[in-house]
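**Student:** CSV, C-alpha atoms, file work_8.csv:
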chain,number,residue,atom,x,y,z
A,27,MET,CA,26.5,-10.5,-4.5
A,28,LEU,CA,25.0,-9.3,-7.8
A,29,VAL,CA,23.4,-12.7,-8.5
A,30,GLY,CA,21.7,-12.5,-5.1
A,31,LEU,CA,20.6,-9.0,-5.7
A,32,PHE,CA,19.2,-10.1,-9.0
A,33,ALA,CA,17.3,-12.9,-7.4
A,34,LEU,CA,15.9,-10.6,-4.7
A,35,LEU,CA,14.7,-8.3,-7.5
A,36,VAL,CA,13.1,-11.2,-9.4
A,37,PHE,CA,11.1,-12.1,-6.3
A,38,LEU,CA,10.2,-8.4,-5.7
A,39,ILE,CA,8.9,-8.1,-9.3
A,40,LEU,CA,7.0,-11.5,-9.0
A,41,GLY,CA,5.4,-10.1,-5.9
A,42,GLU,CA,4.4,-7.0,-7.9
A,43,ALA,CA,3.0,-9.1,-10.7
A,44,ILE,CA,1.0,-11.3,-8.3
A,45,GLN,CA,-0.4,-8.3,-6.5
A,46,SER,CA,-1.7,-6.8,-9.8
A,47,TRP,CA,-3.2,-10.1,-10.9
A,48,ILE,CA,-5.1,-11.0,-7.8
A,49,ALA,CA,-5.5,-7.6,-6.1
A,50,VAL,CA,-4.5,-8.6,-2.6
A,51,PRO,CA,-3.9,-5.7,-0.2
A,52,VAL,CA,-0.6,-7.2,1.0
A,53,PRO,CA,2.5,-5.1,0.0
A,54,SER,CA,4.3,-6.6,-3.0
A,55,SER,CA,7.6,-6.9,-1.2
A,56,ILE,CA,6.0,-9.1,1.4
A,57,ILE,CA,4.5,-11.3,-1.3
A,58,GLY,CA,8.0,-11.6,-2.8
A,59,MET,CA,9.3,-12.5,0.7
A,60,VAL,CA,6.7,-15.2,1.2
A,61,LEU,CA,7.5,-16.7,-2.2
A,62,LEU,CA,11.2,-16.7,-1.4
A,63,LEU,CA,10.4,-18.3,2.0
A,64,ILE,CA,8.4,-21.0,0.3
A,65,ILE,CA,11.2,-21.8,-2.2
A,66,ILE,CA,13.8,-21.9,0.6
A,67,THR,CA,11.6,-24.1,2.7
A,68,LEU,CA,11.0,-26.5,-0.2
A,69,LYS,CA,14.7,-26.7,-0.9
A,70,ASN,CA,15.4,-26.7,2.8
A,71,LYS,CA,18.5,-24.7,2.0
A,72,ILE,CA,19.3,-21.0,1.5
A,73,PRO,CA,21.1,-20.2,-1.8
A,74,THR,CA,24.5,-18.7,-0.9
A,75,SER,CA,24.2,-15.8,-3.3
A,76,ILE,CA,20.9,-14.7,-1.9
A,77,GLU,CA,22.1,-14.9,1.7
A,78,LEU,CA,25.2,-12.9,0.7
A,79,ALA,CA,23.2,-10.2,-0.9
A,80,ALA,CA,20.7,-10.0,2.0
A,81,ASN,CA,23.5,-9.9,4.5
A,82,LYS,CA,25.2,-7.1,2.6
A,83,LEU,CA,22.0,-5.0,2.3
A,84,ALA,CA,20.6,-5.4,5.9
A,85,PRO,CA,23.2,-3.4,7.8
A,86,LEU,CA,22.6,-0.5,5.4
A,87,LEU,CA,19.0,-0.3,6.3
A,88,PRO,CA,19.2,3.0,8.2
A,89,LEU,CA,20.7,4.6,5.1
A,90,PHE,CA,17.8,3.4,3.0
A,91,ILE,CA,15.3,4.7,5.5
A,92,ILE,CA,16.6,8.3,5.8
A,93,PRO,CA,15.0,9.5,2.5
A,94,VAL,CA,11.6,8.2,3.5
A,95,SER,CA,11.7,9.6,7.0
A,96,ALA,CA,12.8,13.0,5.6
A,97,GLY,CA,9.4,13.1,4.0
A,98,LEU,CA,8.2,14.1,7.5
A,99,ILE,CA,9.1,17.6,6.5
A,100,THR,CA,6.0,17.6,4.3
A,101,GLN,CA,3.9,16.6,7.4
A,102,ALA,CA,5.3,19.3,9.7
A,103,ASP,CA,1.8,20.6,10.4
A,104,ILE,CA,0.5,17.2,11.7
A,105,VAL,CA,3.6,16.7,13.9
A,106,GLN,CA,3.3,20.2,15.3
A,107,GLN,CA,-0.4,19.8,16.1
A,108,HIS,CA,-0.4,16.2,17.4
A,109,GLY,CA,3.2,15.5,18.3
A,110,LEU,CA,2.6,15.2,22.0
A,111,LYS,CA,-0.4,13.0,21.6
A,112,PHE,CA,1.7,10.7,19.3
A,113,LEU,CA,4.2,10.4,22.1
A,114,VAL,CA,1.6,9.5,24.7
A,115,ILE,CA,-0.2,7.1,22.4
A,116,LEU,CA,3.0,5.3,21.4
A,117,THR,CA,4.2,5.0,25.0
A,118,LEU,CA,0.9,3.9,26.5
A,119,SER,CA,0.1,1.3,23.9
A,120,LEU,CA,3.4,-0.5,24.6
A,121,ILE,CA,2.3,-1.5,28.1
A,122,PRO,CA,-0.7,-3.8,27.3
A,123,GLY,CA,1.3,-5.3,24.4
A,124,VAL,CA,4.1,-6.2,26.8
A,125,LEU,CA,1.7,-7.5,29.5
A,126,VAL,CA,-0.2,-9.8,27.0
A,127,THR,CA,3.1,-11.1,25.6
A,128,ALA,CA,4.4,-11.9,29.1
A,129,LEU,CA,1.1,-13.5,30.1
A,130,VAL,CA,1.0,-15.8,27.1
A,131,LEU,CA,4.6,-16.9,27.6
A,132,LYS,CA,4.1,-17.4,31.4
A,133,TRP,CA,0.6,-18.9,31.6
A,134,GLY,CA,0.7,-22.6,32.2
A,135,ASP,CA,4.4,-22.9,31.3
A,136,SER,CA,6.2,-24.0,34.4
A,137,SER,CA,9.5,-24.1,32.4
A,138,ALA,CA,9.4,-20.3,31.8
A,139,LYS,CA,12.0,-18.8,34.0
B,30,MET,CA,19.5,31.7,3.6
B,31,LEU,CA,22.0,29.1,2.4
B,32,ASN,CA,20.6,29.2,-1.2
B,33,ASP,CA,22.1,32.6,-1.7
B,34,LEU,CA,25.5,31.0,-1.4
B,35,ILE,CA,24.9,27.8,-3.3
B,36,PRO,CA,24.2,27.9,-7.1
B,37,GLY,CA,20.6,27.0,-7.6
B,38,GLU,CA,21.3,24.2,-10.2
B,39,LEU,CA,23.3,22.3,-7.6
B,40,LEU,CA,20.2,22.0,-5.4
B,41,GLN,CA,18.3,20.5,-8.3
B,42,LEU,CA,20.7,17.7,-8.9
B,43,PRO,CA,19.8,14.2,-7.7
B,44,SER,CA,23.4,13.4,-7.0
B,45,THR,CA,23.7,16.4,-4.7
B,46,TRP,CA,21.0,15.0,-2.5
B,47,LEU,CA,22.4,11.5,-2.8
B,48,MET,CA,25.7,12.9,-1.5
B,49,VAL,CA,24.0,14.8,1.3
B,50,THR,CA,22.1,11.7,2.4
B,51,LEU,CA,25.1,9.5,2.4
B,52,GLY,CA,27.1,12.1,4.2
B,53,ALA,CA,24.4,12.5,6.8
B,54,TYR,CA,24.3,8.8,7.4
B,55,LEU,CA,28.1,8.5,7.8
B,56,LEU,CA,28.1,11.4,10.2
B,57,GLY,CA,25.2,9.9,12.1
B,58,LEU,CA,27.1,6.6,12.3
B,59,LYS,CA,30.2,8.3,13.5
B,60,LEU,CA,28.2,10.1,16.2
B,61,TYR,CA,26.5,6.9,17.2
B,62,GLN,CA,29.9,5.1,17.7
B,63,GLN,CA,31.3,8.1,19.6
B,64,LEU,CA,28.3,7.9,22.0
B,65,ASN,CA,28.9,4.2,22.6
B,66,ASN,CA,25.8,3.2,20.6
B,67,ALA,CA,23.4,5.5,22.5
B,68,PRO,CA,19.9,4.0,21.9
B,69,TRP,CA,18.3,7.5,21.8
B,70,LEU,CA,20.4,8.6,18.8
B,71,PRO,CA,20.5,5.8,16.2
B,72,PRO,CA,22.1,6.8,12.8
B,73,VAL,CA,18.7,6.9,11.2
B,74,LEU,CA,17.5,9.6,13.6
B,75,SER,CA,20.6,11.8,13.4
B,76,GLY,CA,20.8,11.2,9.6
B,77,PHE,CA,17.1,12.2,9.3
B,78,LEU,CA,17.7,15.4,11.4
B,79,ILE,CA,20.7,16.4,9.2
B,80,VAL,CA,18.9,15.8,5.9
B,81,THR,CA,15.8,17.7,7.1
B,82,LEU,CA,17.9,20.6,8.3
B,83,ALA,CA,19.6,20.7,4.9
B,84,LEU,CA,16.3,20.8,3.1
B,85,TRP,CA,15.0,23.5,5.4
B,86,LEU,CA,18.1,25.7,5.2
B,87,THR,CA,18.1,25.5,1.4
B,88,ASP,CA,14.4,25.7,1.0
B,89,THR,CA,14.4,22.6,-1.2
B,90,PRO,CA,11.0,20.9,-1.8
B,91,TYR,CA,10.9,17.2,-0.7
B,92,ALA,CA,10.0,16.2,-4.3
B,93,THR,CA,13.3,17.6,-5.6
B,94,TYR,CA,15.2,15.9,-2.8
B,95,GLN,CA,13.5,12.5,-3.5
B,96,GLN,CA,14.9,12.4,-7.0
B,97,GLY,CA,18.2,11.6,-5.3
B,98,GLY,CA,16.8,10.1,-2.2
B,99,GLN,CA,14.7,7.5,-4.0
B,100,LEU,CA,17.8,5.9,-5.3
B,101,LEU,CA,18.4,4.8,-1.7
B,102,SER,CA,14.8,4.1,-0.6
B,103,PHE,CA,14.4,1.9,-3.6
B,104,PHE,CA,16.5,-0.7,-1.8
B,105,LEU,CA,13.9,-1.1,0.9
B,106,GLY,CA,12.0,-3.5,-1.5
B,107,PRO,CA,14.9,-6.0,-1.8
B,108,VAL,CA,15.6,-5.7,1.9
B,109,VAL,CA,12.1,-6.8,2.8
B,110,VAL,CA,12.2,-9.7,0.3
B,111,GLY,CA,15.5,-10.8,2.0
B,112,LEU,CA,13.7,-11.0,5.4
B,113,ALA,CA,12.7,-14.5,4.2
B,114,ILE,CA,16.2,-15.7,5.3
B,115,PRO,CA,16.1,-14.8,9.0
B,116,LEU,CA,12.5,-16.0,9.0
B,117,PHE,CA,13.6,-19.4,7.7
B,118,HIS,CA,16.3,-19.6,10.4
B,119,HIS,CA,13.8,-18.6,13.1
B,120,PHE,CA,11.2,-21.1,12.0
B,121,HIS,CA,13.8,-23.7,12.5
B,122,SER,CA,15.0,-22.6,15.9
B,123,MET,CA,11.5,-22.2,17.4
B,124,ARG,CA,10.1,-25.5,16.3
B,125,LYS,CA,9.9,-26.9,19.8
B,126,GLN,CA,7.7,-24.2,21.3
B,127,PHE,CA,6.2,-22.9,18.0
B,128,ILE,CA,2.5,-22.6,19.2
B,129,ARG,CA,3.2,-20.7,22.4
B,130,LEU,CA,5.7,-18.3,20.8
B,131,LEU,CA,3.4,-17.7,17.8
B,132,LEU,CA,0.5,-17.1,20.1
B,133,ALA,CA,2.5,-14.6,22.1
B,134,ILE,CA,3.5,-12.8,18.9
B,135,ILE,CA,0.0,-12.7,17.5
B,136,LEU,CA,-1.8,-11.6,20.7
B,137,GLY,CA,1.0,-9.3,22.0
B,138,SER,CA,1.6,-7.4,18.8
B,139,LEU,CA,-2.1,-7.1,17.9
B,140,THR,CA,-2.9,-5.8,21.4
B,141,THR,CA,-0.3,-3.0,21.2
B,142,VAL,CA,-1.5,-2.1,17.7
B,143,PHE,CA,-5.2,-2.1,18.4
B,144,VAL,CA,-4.7,0.0,21.6
B,145,ALA,CA,-2.7,2.5,19.7
B,146,VAL,CA,-5.2,2.6,16.8
B,147,ALA,CA,-8.1,3.0,19.1
B,148,LEU,CA,-6.4,5.8,21.1
B,149,THR,CA,-5.6,7.6,17.8
B,150,HIS,CA,-9.1,7.1,16.5
B,151,PHE,CA,-10.8,8.5,19.6
B,152,TRP,CA,-8.3,11.1,20.6
B,153,ILE,CA,-7.1,12.5,17.2
B,154,GLY,CA,-9.8,11.2,14.8
B,155,ILE,CA,-8.0,11.8,11.5
B,156,ASP,CA,-8.4,8.7,9.3
B,157,THR,CA,-5.0,8.9,7.5
B,158,ILE,CA,-3.2,9.2,10.9
B,159,THR,CA,-5.2,6.3,12.4
B,160,VAL,CA,-4.3,4.1,9.4
B,161,THR,CA,-0.7,5.1,9.7
B,162,MET,CA,-0.7,4.1,13.3
B,163,VAL,CA,-1.4,0.5,12.2
B,164,SER,CA,2.3,-0.2,11.2
B,165,LYS,CA,3.8,1.4,14.3
B,166,SER,CA,5.2,-1.9,15.8
B,167,VAL,CA,7.0,-3.3,12.7
B,168,THR,CA,10.4,-2.7,11.4
B,169,THR,CA,10.6,0.4,9.2
B,170,PRO,CA,10.9,-1.1,5.6
B,171,VAL,CA,7.8,-3.2,6.3
B,172,ALA,CA,6.0,-0.3,8.0
B,173,VAL,CA,6.6,1.9,4.9
B,174,ALA,CA,5.3,-0.8,2.6
B,175,ILE,CA,2.2,-1.2,4.8
B,176,ALA,CA,1.6,2.6,4.9
B,177,GLU,CA,1.9,2.8,1.1
B,178,GLN,CA,-0.5,-0.2,0.8
B,179,THR,CA,-3.1,1.2,3.1
B,180,ASN,CA,-2.9,4.8,1.9
B,181,GLY,CA,-1.3,6.0,5.1
B,182,LEU,CA,1.6,8.5,5.3
B,183,PRO,CA,4.9,6.5,4.8
B,184,ALA,CA,7.1,9.3,6.4
B,185,LEU,CA,4.8,9.5,9.5
B,186,ALA,CA,4.9,5.7,9.7
B,187,ALA,CA,8.7,5.8,9.7
B,188,ALA,CA,8.6,8.4,12.5
B,189,PHE,CA,6.1,6.3,14.6
B,190,VAL,CA,8.3,3.3,14.2
B,191,MET,CA,11.4,5.2,15.2
B,192,VAL,CA,9.8,6.7,18.3
B,193,THR,CA,8.2,3.4,19.3
B,194,GLY,CA,11.5,1.7,19.0
B,195,ILE,CA,13.4,4.2,21.1
B,196,ILE,CA,10.7,4.4,23.9
B,197,GLY,CA,10.2,0.6,23.9
B,198,ALA,CA,13.9,-0.2,24.1
B,199,ALA,CA,14.1,2.1,27.1
B,200,ILE,CA,11.0,1.1,29.1
B,201,ILE,CA,10.3,-2.5,28.3
B,202,PRO,CA,13.2,-4.1,30.2
B,203,LEU,CA,12.5,-1.7,33.1
B,204,LEU,CA,8.8,-2.5,33.1
B,205,LEU,CA,9.4,-6.3,33.1
B,206,LYS,CA,12.0,-6.1,35.8
B,207,TRP,CA,9.7,-4.1,38.0
B,208,LEU,CA,6.9,-6.7,37.5
B,209,LYS,CA,9.5,-9.5,38.2
B,210,LEU,CA,8.8,-11.0,34.8
B,211,ASP,CA,12.3,-10.5,33.4
B,212,SER,CA,13.7,-13.5,31.5
B,213,PRO,CA,15.5,-13.9,28.2
B,214,LYS,CA,12.4,-15.3,26.7
B,215,ILE,CA,9.8,-12.8,28.0
B,216,THR,CA,12.0,-9.7,27.7
B,217,GLY,CA,13.4,-10.7,24.4
B,218,MET,CA,10.1,-11.5,22.9
B,219,SER,CA,8.5,-8.3,24.2
B,220,LEU,CA,11.3,-6.2,22.8
B,221,GLY,CA,11.0,-7.8,19.4
B,222,ILE,CA,7.2,-7.6,19.3
B,223,CYS,CA,6.8,-4.1,20.5
B,224,ALA,CA,10.1,-2.3,19.6
B,225,HIS,CA,11.3,-4.2,16.5
B,226,ALA,CA,14.9,-3.5,15.4
B,227,VAL,CA,15.7,-0.9,18.0
B,228,GLY,CA,14.4,-3.3,20.7
B,229,THR,CA,16.5,-6.1,19.2
B,230,SER,CA,19.7,-4.1,19.4
B,231,ARG,CA,18.8,-3.3,23.1
B,232,ALA,CA,18.2,-7.1,23.5
B,233,LEU,CA,21.7,-7.7,22.1
B,234,GLU,CA,23.1,-5.7,24.9
B,235,LEU,CA,21.2,-7.8,27.5
B,236,GLY,CA,22.6,-11.1,26.0
B,237,GLN,CA,22.6,-13.5,23.1
B,238,GLU,CA,19.5,-15.4,24.2
B,239,TYR,CA,17.5,-12.2,24.6
B,240,ALA,CA,18.6,-11.1,21.1
B,241,ALA,CA,17.7,-14.5,19.5
B,242,TYR,CA,14.1,-14.3,20.9
B,243,SER,CA,13.9,-10.6,20.0
B,244,ALA,CA,15.0,-11.0,16.4
B,245,MET,CA,12.6,-13.9,15.8
B,246,ALA,CA,9.7,-12.0,17.3
B,247,MET,CA,10.5,-8.9,15.3
B,248,THR,CA,10.7,-10.7,12.0
B,249,LEU,CA,7.5,-12.7,12.6
B,250,THR,CA,5.6,-9.7,13.8
B,251,ALA,CA,6.6,-7.8,10.6
B,252,ALA,CA,5.5,-10.6,8.3
B,253,LEU,CA,2.3,-11.2,10.2
B,254,HIS,CA,1.3,-7.6,10.3
B,255,ALA,CA,2.1,-7.0,6.6
B,256,ILE,CA,0.0,-10.0,5.6
B,257,VAL,CA,-3.0,-9.5,8.0
B,258,LEU,CA,-3.5,-5.8,8.8
B,259,PRO,CA,-3.9,-4.3,5.3
B,260,TRP,CA,-7.2,-6.4,5.0
B,261,LEU,CA,-8.6,-4.7,8.1
B,262,PHE,CA,-7.7,-1.0,7.6
Let me see the file written as structure tokens.
**Tutor:**
Amino acid sequence: MLVGLFALLVFLILGEAIQSWIAVPVPSSIIGMVLLLIIITLKNKIPTSIELAANKLAPLLPLFIIPVSAGLITQADIVQQHGLKFLVILTLSLIPGVLVTALVLKWGDSSAK
Amino acid sequence: MLNDLIPGELLQLPSTWLMVTLGAYLLGLKLYQQLNNAPWLPPVLSGFLIVTLALWLTDTPYATYQQGGQLLSFFLGPVVVGLAIPLFHHFHSMRKQFIRLLLAIILGSLTTVFVAVALTHFWIGIDTITVTMVSKSVTTPVAVAIAEQTNGLPALAAAFVMVTGIIGAAIIPLLLKWLKLDSPKITGMSLGICAHAVGTSRALELGQEYAAYSAMAMTLTAALHAIVLPWLF
């Protein structure tokens, strides 16, 4: 577990380093993820320690998110002023996304049931 | 209010807020299980409400809270890196129909994002909010990372993601059923592309095959958006 966590942190910091070297706008954690994916793909095997750590962390995700979302308290004005518009926008924008997804999957694919 | 009863020093301690957050999460989890996994009240939502209420009642500034809270939000980084593992599994399982699935993910997810961004731009017209809307369709840890990267508002991004997930999980299966397009592939992919993790847990209720497509679509959408969208906004 700790070895895996250490490895995840190494990739995170590598992502951070690469981001500051070449100034790409991609989040450093995503760069770390891509690096890890490349290593795993080259080895064609997931190191047990990393899989263990990732599987332990993933279910705790809601706990890790709460502190960030509580920051909404500092944006209370925006929510009060535009909350209803947010709801409408978020709901409406789902529909074309779903339709396009369905069309691409359906179009010319007779096996799609 | 409450701060007359509680010694002021306690409200300054990072460990106090770490305790409150953990307690709120555990309570939210309990509530969720009591309600038979009600999709409209995931632990992250109830936990958020409890923490926000505590901050409001004690008049504690968010910056003070975050000294404890950041101990938890720090873990979002390693969690995102760990997404490489499901991604690797998904690449393997979708080899046969890779192009079509990838095309559906690219076109479907970018459509919903661009529609949302355009609506926000023309209807609300505040740049920081428009930029924050960009990450509305990806799982929260990635959305927060994107919002930080593009100078959006991470907390608002987390809220958009939560709302999108809850609405999407509720209406997407109904919409597809109504259009007679319901299938494990189409419904699963739509849930993962548009409603990320909340959609995927909805897909799990519909069946294993739904869930497999949804989890794959969700992970790929997150990776794709995090890599592509920060260049555009």
**Student:** Using all atoms listed in the file, which protein or nucleic acid residues come within 10 Å of Pro73 (chain A)? Drop anything in the same chain fewer than 3 positions from it, and give the result as a ChimeraX atom specification.
**Tutor:** /A:30,33,66,69-70,76-78 /B:114
**Student:** What is the distance, in Å and to one decimal place, between CA of Ile79 (chain B) and CA of Ala188 (chain B)?
**Tutor:**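 Result for CA of Ile79 (chain B) versus CA of Ala188 (chain B): 14.9 Å, one decimal.
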**Student:** Kindly determine which residues of chain B lie within 7 Å of chain A, considering only C-alpha atoms, and give the answer as a ChimeraX atom specification.
**Tutor:** /B:54,72-73,76-77,80-81,91,95,98-99,101-102,104-114,117,129,133-134,136-138,140-141,144-145,148,174-175,178,184-185,187-188,193,196-197,212,215,219,223,255-256,259-260
**Student:** For CA of Val167 (chain B) and CA of Ala251 (chain B), quote the distance in Å rounded to one decimal.
**Tutor:** 5.0 Å
**Student:** Would you work out the distance separating CA of Gln237 (chain B) from CA of Met218 (chain B), expressed in Å to one decimal?
**Tutor:**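 Computing it gives 12.7 Å between the two atoms.
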**Student:** Nearest to Leu110 (chain A): which of B:Leu78, B:Val192, B:Ala53, B:Leu210 is it, counting all atoms listed in the file?
**Tutor:**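 Among B:Leu78, B:Val192, B:Ala53, B:Leu210, it is B:Val192 that comes nearest to Leu110 (chain A).
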**Student:** Write out as a CSV table (one decimal) with C-alpha atoms, keeping the file's coordinate frame each polymer residue whose atoms come within 7 Å of Pro213 (chain B), counting only C-alpha atoms; drop sequence neighbours fewer than 4 positions from it.
**Tutor:**
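Produced file result19.csv, reproduced below:
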chain,number,residue,atom,x,y,z
B,217,GLY,CA,13.4,-10.7,24.4
B,238,GLU,CA,19.5,-15.4,24.2
B,239,TYR,CA,17.5,-12.2,24.6
**Student:** Which is closest to Leu253 (chain B) among B:Gly52, B:Thr168, B:Leu203, B:Ser230, if we use all atoms listed in the file?
**Tutor:**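 Result for the nearest residue to Leu253 (chain B): B:Thr168.
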**Student:** Need to verify the contact set: region 65-69 of chain B, 9 Å, only C-alpha atoms, exclusion of same-chain residues closer than 3 positions in sequence. Can you return it as a count of residues only?
**Tutor:** 11
**Student:** Go through B:Met123, B:Leu51, B:Asp211, B:Leu39 and flag the residue nearest Thr93 (chain B), using all atoms listed in the file for the distances.
**Tutor:**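 Nearest to Thr93 (chain B): B:Leu39.
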